[in-house]
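Student: What follows is input_8.txt, made up of compact mmCIF, C-alpha atoms:
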# COMPACT_ATOMS: atom_id res chain seq x y z
CA MET F 1 33.84 59.42 -38.70
CA LYS F 2 31.18 61.19 -36.72
CA THR F 3 31.66 61.77 -33.04
CA LEU F 4 29.49 59.50 -31.02
CA THR F 5 26.89 61.60 -29.26
CA ARG F 6 25.48 60.54 -25.94
CA ARG F 7 22.15 59.76 -27.62
CA ASP F 8 23.70 57.59 -30.32
CA PHE F 9 25.68 55.77 -27.70
CA GLY F 10 22.49 54.99 -25.82
CA VAL F 11 20.86 53.55 -28.93
CA ALA F 12 23.91 51.44 -29.70
CA VAL F 13 23.97 49.98 -26.23
CA ALA F 14 20.26 49.27 -26.32
CA ALA F 15 20.66 47.45 -29.63
CA ALA F 16 23.51 45.39 -28.27
CA ILE F 17 21.42 44.35 -25.31
CA LEU F 18 18.32 43.63 -27.35
CA LEU F 19 20.06 41.66 -30.06
CA PRO F 20 20.64 38.40 -28.16
CA ALA F 21 17.14 38.54 -26.75
CA THR F 22 15.66 39.05 -30.20
CA ALA F 23 17.74 36.29 -31.71
CA ALA F 24 16.65 33.93 -28.93
CA ARG F 25 12.97 34.62 -29.58
CA ALA F 26 12.24 31.31 -31.27
CA ASP F 27 14.70 29.33 -29.17
CA ASP F 28 14.10 27.12 -26.21
CA MET F 29 12.24 28.22 -23.16
CA GLU F 30 12.40 26.03 -20.10
CA VAL F 31 9.83 24.93 -17.57
CA HIS F 32 11.05 22.90 -14.63
CA ILE F 33 9.00 20.55 -12.53
CA ASP F 34 10.18 20.81 -8.95
CA ASN F 35 8.26 19.73 -5.87
CA PHE F 36 5.08 19.00 -7.86
CA VAL F 37 5.06 22.54 -9.28
CA PHE F 38 5.56 23.82 -12.84
CA GLN F 39 8.06 26.65 -12.71
CA PRO F 40 7.32 29.17 -13.98
CA ALA F 41 3.64 28.37 -13.67
CA GLU F 42 2.90 30.92 -16.38
CA LEU F 43 5.17 31.68 -19.29
CA THR F 44 4.70 34.14 -22.15
CA VAL F 45 6.45 33.26 -25.43
CA LYS F 46 6.43 34.30 -29.09
CA VAL F 47 4.90 32.16 -31.82
CA GLY F 48 7.46 29.58 -32.95
CA THR F 49 8.99 29.10 -29.52
CA THR F 50 9.85 25.62 -28.34
CA VAL F 51 9.19 25.04 -24.67
CA THR F 52 10.95 22.18 -22.91
CA TRP F 53 9.71 20.76 -19.63
CA THR F 54 12.14 18.89 -17.39
CA ASN F 55 10.96 16.72 -14.52
CA ARG F 56 13.35 17.19 -11.61
CA ASP F 57 11.18 15.30 -9.09
CA ASP F 58 11.66 11.76 -7.79
CA ILE F 59 8.16 11.00 -9.02
CA PRO F 60 6.94 10.76 -12.63
CA HIS F 61 4.79 13.51 -14.07
CA THR F 62 3.11 14.33 -17.36
CA VAL F 63 2.44 17.54 -19.27
CA VAL F 64 -1.01 17.57 -20.86
CA SER F 65 -2.96 20.31 -22.59
CA ALA F 66 -6.34 18.92 -23.62
CA GLY F 67 -6.50 18.58 -27.39
CA LYS F 68 -3.16 20.37 -27.86
CA PHE F 69 -0.28 18.31 -26.57
CA ARG F 70 0.41 15.37 -24.29
CA SER F 71 3.77 14.14 -23.08
CA LYS F 72 4.64 10.57 -22.31
CA THR F 73 5.24 9.84 -18.66
CA LEU F 74 8.31 11.79 -17.62
CA ASP F 75 10.50 9.99 -15.13
CA THR F 76 13.18 11.83 -13.17
CA ASP F 77 15.19 14.15 -15.50
CA ASP F 78 13.10 13.22 -18.55
CA LYS F 79 12.20 16.09 -20.89
CA PHE F 80 9.28 16.96 -23.14
CA SER F 81 9.33 19.66 -25.82
CA PHE F 82 6.57 21.33 -27.76
CA THR F 83 6.80 24.06 -30.39
CA PHE F 84 4.00 26.61 -30.27
CA THR F 85 3.04 27.60 -33.82
CA ASN F 86 -0.21 29.37 -32.99
CA ALA F 87 -0.97 32.24 -30.64
CA GLY F 88 -3.24 31.60 -27.71
CA ASP F 89 -3.43 30.54 -24.08
CA TYR F 90 -2.41 26.93 -23.48
CA LYS F 91 -3.50 25.69 -20.09
CA TYR F 92 -1.91 22.42 -19.13
CA PHE F 93 -1.66 20.05 -16.16
CA CYS F 94 -0.11 16.82 -14.92
CA SER F 95 -2.60 14.03 -15.61
CA LEU F 96 -1.18 12.04 -12.66
CA HIS F 97 -1.29 14.90 -10.17
CA PRO F 98 -4.01 17.15 -11.55
CA HIS F 99 -3.53 19.79 -8.88
CA MET F 100 -0.36 20.67 -10.83
CA THR F 101 -1.37 23.22 -13.45
CA GLY F 102 0.42 25.72 -15.68
CA MET F 103 -0.11 28.02 -18.64
CA ILE F 104 1.86 29.01 -21.74
CA LYS F 105 0.71 32.29 -23.30
CA VAL F 106 1.75 32.44 -26.93
CA GLU F 107 1.76 35.90 -28.56
CA MET R 108 -24.12 -10.31 13.61
CA SER R 109 -27.78 -9.56 13.22
CA GLY R 110 -29.83 -6.81 11.69
CA HIS R 111 -31.51 -6.36 15.05
CA ASP R 112 -28.31 -5.14 16.66
CA HIS R 113 -27.89 -2.47 14.06
CA GLY R 114 -31.46 -1.35 13.89
CA GLU R 115 -32.06 -0.98 17.62
CA ASP R 116 -28.93 0.43 19.11
CA GLY R 117 -26.48 1.01 16.30
CA VAL R 118 -27.21 4.71 16.10
CA SER R 119 -26.70 5.51 19.75
CA ARG R 120 -23.50 3.52 19.79
CA ARG R 121 -22.25 5.32 16.77
CA LYS R 122 -22.50 8.62 18.58
CA VAL R 123 -19.83 7.54 20.97
CA LEU R 124 -16.30 7.70 19.80
CA GLU R 125 -14.01 6.49 22.47
CA CYS R 126 -10.37 6.96 22.92
CA MET R 127 -8.63 8.02 19.76
CA THR R 128 -5.23 7.14 21.10
CA TRP R 129 -2.20 7.03 18.93
CA ALA R 130 0.29 4.66 20.40
CA GLY R 131 3.70 4.69 18.82
CA THR R 132 3.68 3.08 15.43
CA GLY R 133 0.37 1.32 15.53
CA VAL R 134 -3.17 1.57 16.75
CA LEU R 135 -5.96 -0.94 16.84
CA TRP R 136 -9.49 -0.08 15.92
CA THR R 137 -12.42 -2.30 16.56
CA ILE R 138 -15.85 -1.46 15.39
CA THR R 139 -18.84 -2.58 17.36
CA GLY R 140 -22.15 -1.61 15.90
CA GLY R 141 -20.35 1.01 13.90
CA VAL R 142 -18.52 2.48 16.88
CA PRO R 143 -14.79 2.54 16.45
CA ARG R 144 -12.86 2.00 19.65
CA SER R 145 -9.18 2.19 20.10
CA LEU R 146 -8.15 -0.82 22.10
CA GLY R 147 -4.45 -0.34 22.45
CA ILE R 148 -1.09 -0.65 20.86
CA ILE R 149 -0.02 -3.27 18.40
CA ASP R 150 1.11 -5.94 20.81
CA SER R 151 -2.13 -6.09 22.77
CA ALA R 152 -4.04 -5.72 19.53
CA GLN R 153 -2.34 -8.72 18.03
CA ALA R 154 -3.00 -10.66 21.19
CA ALA R 155 -6.67 -9.76 21.06
CA THR R 156 -6.90 -10.75 17.42
CA ALA R 157 -5.16 -14.03 18.01
CA ALA R 158 -7.42 -14.84 20.95
CA THR R 159 -10.67 -14.51 19.05
CA PRO R 160 -10.46 -15.76 15.51
CA GLY R 161 -12.54 -14.14 12.84
CA MET R 162 -12.05 -13.27 9.23
CA THR R 163 -8.74 -11.46 8.79
CA PHE R 164 -7.52 -9.90 5.60
CA LEU R 165 -4.49 -7.84 4.78
CA GLN R 166 -3.96 -4.57 3.05
CA ILE R 167 -0.73 -3.69 1.33
CA SER R 168 -0.26 -0.59 -0.74
CA ASP R 169 2.07 1.52 -2.80
CA SER R 170 4.78 -1.04 -3.41
CA HIS R 171 6.18 1.14 -6.26
CA VAL R 172 8.26 -1.71 -7.62
CA GLY R 173 10.98 -0.13 -9.77
CA PHE R 174 11.46 2.88 -7.50
CA ASP R 175 15.17 3.27 -6.75
CA ASN R 176 15.59 6.89 -5.73
CA PRO R 177 17.29 7.98 -2.49
CA ALA R 178 14.14 7.69 -0.34
CA ASN R 179 14.49 3.92 -0.82
CA PRO R 180 16.97 2.53 -3.35
CA ASN R 181 15.43 -0.94 -3.07
CA ALA R 182 11.64 -0.83 -3.08
CA LEU R 183 11.49 -4.45 -4.25
CA GLY R 184 13.51 -5.46 -1.20
CA THR R 185 11.16 -3.76 1.26
CA LEU R 186 8.18 -5.35 -0.50
CA GLU R 187 9.87 -8.68 0.06
CA GLU R 188 10.28 -7.79 3.75
CA ALA R 189 6.59 -6.90 3.94
CA VAL R 190 5.62 -10.27 2.48
CA ALA R 191 7.91 -11.99 4.96
CA LYS R 192 6.15 -10.04 7.72
CA ILE R 193 2.79 -11.23 6.41
CA ASN R 194 3.97 -14.84 6.24
CA ALA R 195 5.10 -14.61 9.87
CA MET R 196 1.77 -13.33 11.20
CA PRO R 197 0.21 -15.52 13.87
CA THR R 198 -3.18 -15.48 12.16
CA LYS R 199 -3.12 -16.53 8.54
CA PRO R 200 -5.18 -13.97 6.61
CA SER R 201 -7.97 -15.09 4.31
CA PHE R 202 -6.76 -12.92 1.47
CA MET R 203 -5.04 -9.65 0.67
CA ILE R 204 -6.02 -6.40 -0.96
CA HIS R 205 -3.50 -4.18 -2.70
CA THR R 206 -4.59 -0.56 -2.92
CA GLY R 207 -2.52 0.41 -5.92
CA ASP R 208 0.77 1.75 -7.18
CA ILE R 209 1.98 -1.80 -7.47
CA THR R 210 4.69 -0.51 -9.80
CA HIS R 211 6.46 2.80 -10.14
CA LEU R 212 6.38 3.19 -13.94
CA SER R 213 4.05 0.40 -15.17
CA LYS R 214 6.89 -1.49 -16.83
CA ALA R 215 6.23 -5.14 -17.62
CA ALA R 216 9.29 -6.16 -15.61
CA GLU R 217 8.04 -4.17 -12.62
CA PHE R 218 4.68 -5.95 -12.71
CA ASP R 219 6.49 -9.29 -13.07
CA ASN R 220 8.75 -8.57 -10.09
CA ALA R 221 5.83 -7.43 -7.96
CA GLU R 222 3.91 -10.59 -8.81
CA ARG R 223 6.90 -12.78 -8.06
CA ILE R 224 7.27 -11.33 -4.57
CA ILE R 225 3.60 -10.87 -3.63
CA SER R 226 2.74 -14.41 -4.74
CA GLN R 227 5.10 -15.69 -2.04
CA SER R 228 2.36 -14.81 0.44
CA LYS R 229 0.29 -17.61 -1.17
CA LEU R 230 -2.79 -15.47 -0.67
CA ASP R 231 -5.48 -14.41 -3.11
CA VAL R 232 -4.86 -10.76 -3.87
CA HIS R 233 -7.55 -8.29 -4.89
CA TYR R 234 -6.03 -5.28 -6.61
CA VAL R 235 -7.12 -1.79 -7.47
CA PRO R 236 -4.85 0.35 -9.62
CA GLY R 237 -2.92 3.45 -8.63
CA GLU R 238 -1.97 6.16 -11.09
CA HIS R 239 1.49 4.57 -11.36
CA ASP R 240 -0.06 1.35 -12.73
CA PHE R 241 -1.52 2.99 -15.86
CA LEU R 242 1.62 4.60 -17.26
CA ASP R 243 2.48 2.19 -20.07
CA GLU R 244 1.80 3.46 -23.57
CA ASP R 245 -1.16 1.20 -24.26
CA VAL R 246 -2.39 1.12 -20.64
CA LYS R 247 -2.66 -2.64 -20.90
CA PHE R 248 -0.23 -4.25 -18.46
CA TYR R 249 -2.39 -3.73 -15.36
CA ARG R 250 -5.60 -4.71 -17.16
CA GLU R 251 -4.06 -7.85 -18.61
CA ARG R 252 -2.90 -8.99 -15.20
CA TYR R 253 -5.61 -7.82 -12.85
CA GLY R 254 -8.49 -6.52 -14.92
CA ARG R 255 -10.25 -9.80 -15.68
CA GLY R 256 -13.85 -9.84 -14.55
CA THR R 257 -13.80 -6.17 -13.61
CA LYS R 258 -15.88 -3.33 -14.96
CA GLY R 259 -14.73 -0.10 -16.62
CA ALA R 260 -11.20 0.83 -15.62
CA GLY R 261 -11.12 -2.07 -13.15
CA TRP R 262 -13.79 -1.78 -10.47
CA TYR R 263 -15.57 -4.78 -8.97
CA SER R 264 -17.07 -6.20 -5.81
CA PHE R 265 -16.99 -9.50 -3.97
CA ASP R 266 -18.18 -11.03 -0.72
CA ALA R 267 -16.01 -12.66 1.90
CA GLY R 268 -16.70 -13.67 5.48
CA GLY R 269 -20.03 -11.86 5.53
CA VAL R 270 -18.45 -8.58 4.40
CA HIS R 271 -19.16 -6.92 1.06
CA PHE R 272 -15.96 -5.63 -0.54
CA ILE R 273 -15.97 -3.01 -3.27
CA GLY R 274 -12.79 -2.12 -5.18
CA LEU R 275 -12.99 1.28 -6.85
CA VAL R 276 -10.77 3.07 -9.36
CA ASN R 277 -10.20 6.79 -8.82
CA VAL R 278 -7.00 7.34 -10.81
CA VAL R 279 -8.24 7.71 -14.39
CA ASP R 280 -9.64 10.61 -16.37
CA LEU R 281 -8.42 13.15 -13.83
CA LYS R 282 -9.36 16.75 -14.51
CA ALA R 283 -6.98 19.72 -14.47
CA GLY R 284 -6.98 21.36 -11.07
CA GLY R 285 -8.97 18.49 -9.57
CA LEU R 286 -8.48 15.49 -7.29
CA GLY R 287 -9.03 11.76 -7.71
CA ASN R 288 -12.03 10.87 -9.83
CA LEU R 289 -14.57 8.02 -9.86
CA GLY R 290 -16.78 9.24 -12.70
CA ALA R 291 -20.47 8.89 -13.46
CA GLU R 292 -20.28 5.36 -14.90
CA GLN R 293 -18.57 3.92 -11.85
CA LEU R 294 -20.86 5.75 -9.43
CA ALA R 295 -23.91 4.40 -11.24
CA TRP R 296 -22.44 0.91 -11.00
CA LEU R 297 -21.76 1.40 -7.28
CA GLU R 298 -25.30 2.51 -6.57
CA ASP R 299 -26.56 -0.52 -8.42
CA ASP R 300 -24.11 -2.86 -6.67
CA LEU R 301 -25.38 -1.76 -3.26
CA ARG R 302 -29.04 -1.89 -4.18
CA GLY R 303 -30.89 -4.55 -2.27
CA LYS R 304 -28.05 -5.21 0.15
CA SER R 305 -29.11 -5.54 3.78
CA LYS R 306 -28.11 -2.46 5.73
CA SER R 307 -26.52 -4.71 8.30
CA THR R 308 -24.00 -5.97 5.76
CA PRO R 309 -20.56 -4.60 6.67
CA ILE R 310 -19.15 -2.72 3.71
CA VAL R 311 -15.48 -2.28 2.84
CA LEU R 312 -14.70 0.24 0.12
CA PHE R 313 -11.14 0.27 -1.13
CA ALA R 314 -9.45 2.49 -3.69
CA HIS R 315 -6.03 4.00 -4.25
CA ILE R 316 -6.49 7.72 -3.59
CA PRO R 317 -8.31 8.54 -0.34
CA LEU R 318 -12.06 8.81 -0.93
CA TRP R 319 -12.16 11.51 1.72
CA THR R 320 -10.45 14.85 1.45
CA VAL R 321 -7.18 14.55 3.31
CA TYR R 322 -5.29 17.51 1.84
CA PRO R 323 -6.53 18.98 -1.44
CA GLU R 324 -3.45 21.19 -1.80
CA TRP R 325 -1.55 18.00 -2.56
CA GLY R 326 -4.37 16.35 -4.45
CA TRP R 327 -5.11 13.98 -1.57
CA GLY R 328 -8.79 13.41 -2.01
CA THR R 329 -11.40 12.32 -4.53
CA GLU R 330 -13.47 14.90 -6.36
CA ASP R 331 -16.67 12.85 -6.34
CA GLY R 332 -15.80 10.64 -3.34
CA GLY R 333 -18.71 12.20 -1.45
CA ARG R 334 -21.11 10.71 -3.98
CA ALA R 335 -19.82 7.22 -3.25
CA LEU R 336 -20.18 7.83 0.47
CA GLU R 337 -23.79 8.92 -0.02
CA TYR R 338 -24.59 5.43 -1.29
CA VAL R 339 -23.25 3.74 1.86
CA LYS R 340 -24.87 6.14 4.29
CA GLY R 341 -27.56 3.78 5.52
CA PHE R 342 -25.20 0.91 6.25
CA GLY R 343 -24.28 0.23 9.85
CA SER R 344 -20.60 -0.47 9.32
CA VAL R 345 -18.55 1.04 6.54
CA THR R 346 -14.78 0.90 6.30
CA VAL R 347 -12.89 2.84 3.65
CA LEU R 348 -9.34 1.64 2.96
CA ASN R 349 -6.98 3.70 0.82
CA GLY R 350 -3.29 4.17 0.01
CA HIS R 351 -1.58 6.84 -2.07
CA ILE R 352 -0.40 9.05 0.79
CA HIS R 353 2.16 6.57 2.18
CA GLN R 354 1.26 7.07 5.84
CA VAL R 355 -1.35 5.96 8.32
CA MET R 356 -4.23 8.36 8.70
CA GLN R 357 -7.66 7.78 10.15
CA LYS R 358 -10.93 9.56 10.44
CA VAL R 359 -14.28 8.46 11.77
CA GLU R 360 -17.47 10.05 10.58
CA ASP R 361 -20.80 8.60 11.67
CA ASN R 362 -20.90 5.03 10.38
CA VAL R 363 -17.74 5.32 8.32
CA THR R 364 -14.16 4.62 9.35
CA PHE R 365 -11.54 5.95 6.95
CA HIS R 366 -8.08 4.49 7.04
CA THR R 367 -4.98 4.84 4.87
CA ALA R 368 -2.17 2.29 4.87
CA ARG R 369 1.56 2.74 4.84
CA SER R 370 3.52 2.14 1.68
CA THR R 371 5.97 -0.74 1.43
CA ALA R 372 8.32 1.47 -0.62
CA PHE R 373 8.88 4.96 0.79
CA PRO R 374 7.23 7.37 3.21
CA GLN R 375 5.65 10.67 2.26
CA PRO R 376 5.44 13.74 4.48
CA ALA R 377 2.48 14.61 6.67
CA PRO R 378 0.17 17.12 4.95
CA GLY R 379 1.75 20.54 4.61
CA THR R 380 4.98 19.65 6.39
CA ALA R 381 7.14 19.69 3.27
CA PRO R 382 7.29 21.65 0.02
CA SER R 383 5.69 18.74 -1.84
CA PRO R 384 4.13 15.31 -1.28
CA GLY R 385 7.10 13.62 -2.94
CA PRO R 386 9.13 10.76 -1.44
CA MET R 387 10.49 11.63 1.98
CA LYS R 388 14.10 10.75 2.66
CA VAL R 389 14.58 9.66 6.25
CA GLU R 390 17.57 8.19 8.02
CA ASP R 391 18.15 4.60 6.94
CA ALA R 392 17.51 3.42 10.49
CA ARG R 393 14.05 5.01 10.49
CA LEU R 394 12.87 3.89 7.05
CA ARG R 395 11.38 0.56 8.06
CA ALA R 396 9.41 2.10 10.89
CA MET R 397 7.62 4.20 8.28
CA LEU R 398 6.81 1.35 5.88
CA GLY R 399 4.41 -1.48 6.59
CA VAL R 400 1.17 -3.32 6.05
CA ALA R 401 -2.28 -3.33 7.65
CA SER R 402 -4.31 -6.28 8.79
CA VAL R 403 -8.04 -6.07 9.25
CA ASN R 404 -10.01 -8.45 11.42
CA PHE R 405 -13.75 -8.92 11.27
CA LYS R 406 -15.54 -10.96 13.91
CA GLN R 407 -18.86 -12.15 12.63
CA ASN R 408 -20.75 -12.37 15.90
CA GLU R 409 -19.33 -9.29 17.52
CA GLN R 410 -19.67 -6.98 14.55
CA ARG R 411 -16.10 -6.01 15.03
CA LEU R 412 -13.67 -4.84 12.45
CA ALA R 413 -10.20 -4.12 13.72
CA ILE R 414 -7.41 -2.47 11.78
CA ILE R 415 -3.86 -3.09 12.87
CA ASP R 416 -1.01 -1.24 11.21
CA THR R 417 2.23 -3.12 11.41
CA PRO R 418 5.48 -1.41 10.41
CA LEU R 419 8.26 -3.45 8.83
CA GLN R 420 10.32 -2.69 11.88
CA GLY R 421 10.01 -0.96 15.25
What would you get if you wrote out this structure as structure tokens?
Tutor:
Amino acid sequence: MKTLTRRDFGVAVAAAILLPATAARADDMEVHIDNFVFQPAELTVKVGTTVTWTNRDDIPHTVVSAGKFRSKTLDTDDKFSFTFTNAGDYKYFCSLHPHMTGMIKVE
Amino acid sequence: MSGHDHGEDGVSRRKVLECMTWAGTGVLWTITGGVPRSLGIIDSAQAATAATPGMTFLQISDSHVGFDNPANPNALGTLEEAVAKINAMPTKPSFMIHTGDITHLSKAAEFDNAERIISQSKLDVHYVPGEHDFLDEDVKFYRERYGRGTKGAGWYSFDAGGVHFIGLVNVVDLKAGGLGNLGAEQLAWLEDDLRGKSKSTPIVLFAHIPLWTVYPEWGWGTEDGGRALEYVKGFGSVTVLNGHIHQVMQKVEDNVTFHTARSTAFPQPAPGTAPSPGPMKVEDARLRAMLGVASVNFKQNEQRLAIIDTPLQG
């Protein structure tokens, strides 16, 4: 067995760190609605990612991207998920409180 | 009232805005020839109203039936208290307007409960919808109950006691990044509705979201509200009654008095004083001082229109 050089060790560590992130690529990403704000307001994800929005306000909200997706009314703690199968910029807003806007960038 | 009053001295009167005094939980406004005057606190206001009968109507708003979060675990109960308050008023109102968000989630049971309580006032109620009243899948519950005889998403007008009332809908087809919205079709209807009306006719516009820009950062305003206000510019007395922001707020601009009513369900923070416009949790003992109804009195011969905000308590 070869002695582990410092360089090899670095690569091994990098791979170990990257692996979970790579495996999680197409897994859930979360957007929270708190205080009438989508957080994060802008999110960059890979194609195939499912994004789940959770309303943590005392007031119902919706998640609407014209022509792309539209949630039902989300009461407190309700969730809405959408899987992004195409690259592009998806601007969305709350149709009840239209000053609430967000964006999912799909690469 | 007569057209002569308005034509000859209405303008000069309108330039004078006297005494914008906030007095505790309520303030009375009377409008004479388009000039709003603050006459005093609730008690003296009620006395004045009782002394000189005219046409009185009530405004309730934002009953959010179904809301049960910490800011008020029993919104149906406080609506019931509001109706009891109305039934106990010394002057029986001619009718009531409800400026929207009757329910919290547009569930059939919420509409039924609201109707059961509000009908105990035994008053005719003229509704306009809030955004919380159009949340059911088919957007039909509000329309089935209150949409008969209305145009578009539910706008209409009627006359009562010499005043022309116009109920507008500014909670549908909202645009990303924008505010409340009336839309071209409704604005065209409004222009047509006002055509040919004598400029001395007092006008009351009511809608859920404020037609004036209260605080755009929280969406408290109507994108094309200015267009609606253009159409009422020539009228001597215009009163705009809104809800949505769950607190009393007033502004006077030329011939127009803007007024928002309290909610019967839960208070919301003053603009910019909290991270969001969401329900404001206050001490239980303070809640009922921040909920309430408004009564509006119009005296035919004196051209007066007085708005009295009455809290549920305090």
Student: Leaving out Arg334 in chain R and any residue of its chain fewer than 3 positions from it, which residues lie within 12 Å of it when counting all atoms listed in the file, given as a list in words?
Tutor: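 Close residues of Arg334 in chain R: Asn288, Leu289, Gly290, Ala291, Gln293, Leu294, Ala295, Leu297, Glu298, Leu318, Trp319, Thr329, Glu330, Asp331, Glu337, Tyr338, Val339 and Lys340 of chain R.
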Student: Counting all atoms listed in the file, which of R:Glu217, R:Asp300, R:Asp243, R:Asp391 gets nearest to chain F?
Tutor: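 Of the candidates, the smallest distance to chain F is held by R:Asp243.
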Student: I'd like the interatomic distance between CA of Ala368 in chain R and CA of Ala189 in chain R, to a tenth of an Å.
Tutor: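 Separating CA of Ala368 in chain R from CA of Ala189 in chain R is a distance of 12.7 Å.
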Student: At a cut-off of 6 Å, which residues of chain R touch chain F? Count only C-alpha atoms and give the answer as a VMD selection string.
Tutor: chain R and resid 283 to 285 326 383
Student: So the first atom is CA of Val279 in chain R and the second is CA of Asp208 in chain R; what is the distance between them in Å, to one decimal place?
Tutor: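 The value is 13.0 Å.
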Student: Taking N, CA and C atoms as the atom set, what does range 40-61 of chain F look like once completed, written as an mmCIF file, in the frame of the given file?
Tutor:
data_model
loop_
_atom_site.group_PDB
_atom_site.id
_atom_site.type_symbol
_atom_site.label_atom_id
_atom_site.label_comp_id
_atom_site.auth_asym_id
_atom_site.auth_seq_id
_atom_site.Cartn_x
_atom_site.Cartn_y
_atom_site.Cartn_z
ATOM 1 N N PRO F 40 8.382 28.322 -14.509
ATOM 2 C CA PRO F 40 7.320 29.170 -13.980
ATOM 3 C C PRO F 40 5.947 28.588 -14.310
ATOM 4 N N ALA F 41 4.986 28.886 -13.469
ATOM 5 C CA ALA F 41 3.640 28.370 -13.670
ATOM 6 C C ALA F 41 3.001 29.010 -14.897
ATOM 7 N N GLU F 42 3.408 30.251 -15.189
ATOM 8 C CA GLU F 42 2.900 30.920 -16.380
ATOM 9 C C GLU F 42 4.072 31.502 -17.148
ATOM 10 N N LEU F 43 4.056 31.266 -18.457
ATOM 11 C CA LEU F 43 5.170 31.680 -19.290
ATOM 12 C C LEU F 43 4.605 32.312 -20.549
ATOM 13 N N THR F 44 5.139 33.491 -20.921
ATOM 14 C CA THR F 44 4.700 34.140 -22.150
ATOM 15 C C THR F 44 5.803 34.022 -23.186
ATOM 16 N N VAL F 45 5.444 33.491 -24.375
ATOM 17 C CA VAL F 45 6.450 33.260 -25.430
ATOM 18 C C VAL F 45 5.918 33.773 -26.765
ATOM 19 N N LYS F 46 6.820 33.916 -27.731
ATOM 20 C CA LYS F 46 6.430 34.300 -29.090
ATOM 21 C C LYS F 46 6.055 33.046 -29.884
ATOM 22 N N VAL F 47 5.241 33.254 -30.907
ATOM 23 C CA VAL F 47 4.900 32.160 -31.820
ATOM 24 C C VAL F 47 6.198 31.560 -32.376
ATOM 25 N N GLY F 48 6.264 30.252 -32.432
ATOM 26 C CA GLY F 48 7.460 29.580 -32.950
ATOM 27 C C GLY F 48 8.408 29.105 -31.866
ATOM 28 N N THR F 49 8.109 29.482 -30.633
ATOM 29 C CA THR F 49 8.990 29.100 -29.520
ATOM 30 C C THR F 49 8.804 27.633 -29.154
ATOM 31 N N THR F 50 9.901 26.984 -28.874
ATOM 32 C CA THR F 50 9.850 25.620 -28.340
ATOM 33 C C THR F 50 10.035 25.678 -26.830
ATOM 34 N N VAL F 51 9.099 25.092 -26.130
ATOM 35 C CA VAL F 51 9.190 25.040 -24.670
ATOM 36 C C VAL F 51 9.567 23.612 -24.269
ATOM 37 N N THR F 52 10.524 23.497 -23.391
ATOM 38 C CA THR F 52 10.950 22.180 -22.910
ATOM 39 C C THR F 52 10.705 22.073 -21.405
ATOM 40 N N TRP F 53 9.968 21.038 -21.043
ATOM 41 C CA TRP F 53 9.710 20.760 -19.630
ATOM 42 C C TRP F 53 10.698 19.693 -19.147
ATOM 43 N N THR F 54 11.236 19.876 -17.982
ATOM 44 C CA THR F 54 12.140 18.890 -17.390
ATOM 45 C C THR F 54 11.612 18.492 -16.020
ATOM 46 N N ASN F 55 11.441 17.202 -15.826
ATOM 47 C CA ASN F 55 10.960 16.720 -14.520
ATOM 48 C C ASN F 55 12.149 16.513 -13.583
ATOM 49 N N ARG F 56 12.234 17.329 -12.558
ATOM 50 C CA ARG F 56 13.350 17.190 -11.610
ATOM 51 C C ARG F 56 12.908 16.571 -10.283
ATOM 52 N N ASP F 57 11.678 15.984 -10.291
ATOM 53 C CA ASP F 57 11.180 15.300 -9.090
ATOM 54 C C ASP F 57 11.571 13.825 -9.091
ATOM 55 N N ASP F 58 11.436 13.198 -7.944
ATOM 56 C CA ASP F 58 11.660 11.760 -7.790
ATOM 57 C C ASP F 58 10.453 10.935 -8.236
ATOM 58 N N ILE F 59 9.434 11.615 -8.695
ATOM 59 C CA ILE F 59 8.160 11.000 -9.020
ATOM 60 C C ILE F 59 7.827 11.360 -10.469
ATOM 61 N N PRO F 60 7.258 10.418 -11.247
ATOM 62 C CA PRO F 60 6.940 10.760 -12.630
ATOM 63 C C PRO F 60 5.791 11.773 -12.745
ATOM 64 N N HIS F 61 5.855 12.556 -13.780
ATOM 65 C CA HIS F 61 4.790 13.510 -14.070
ATOM 66 C C HIS F 61 4.487 13.478 -15.558
#
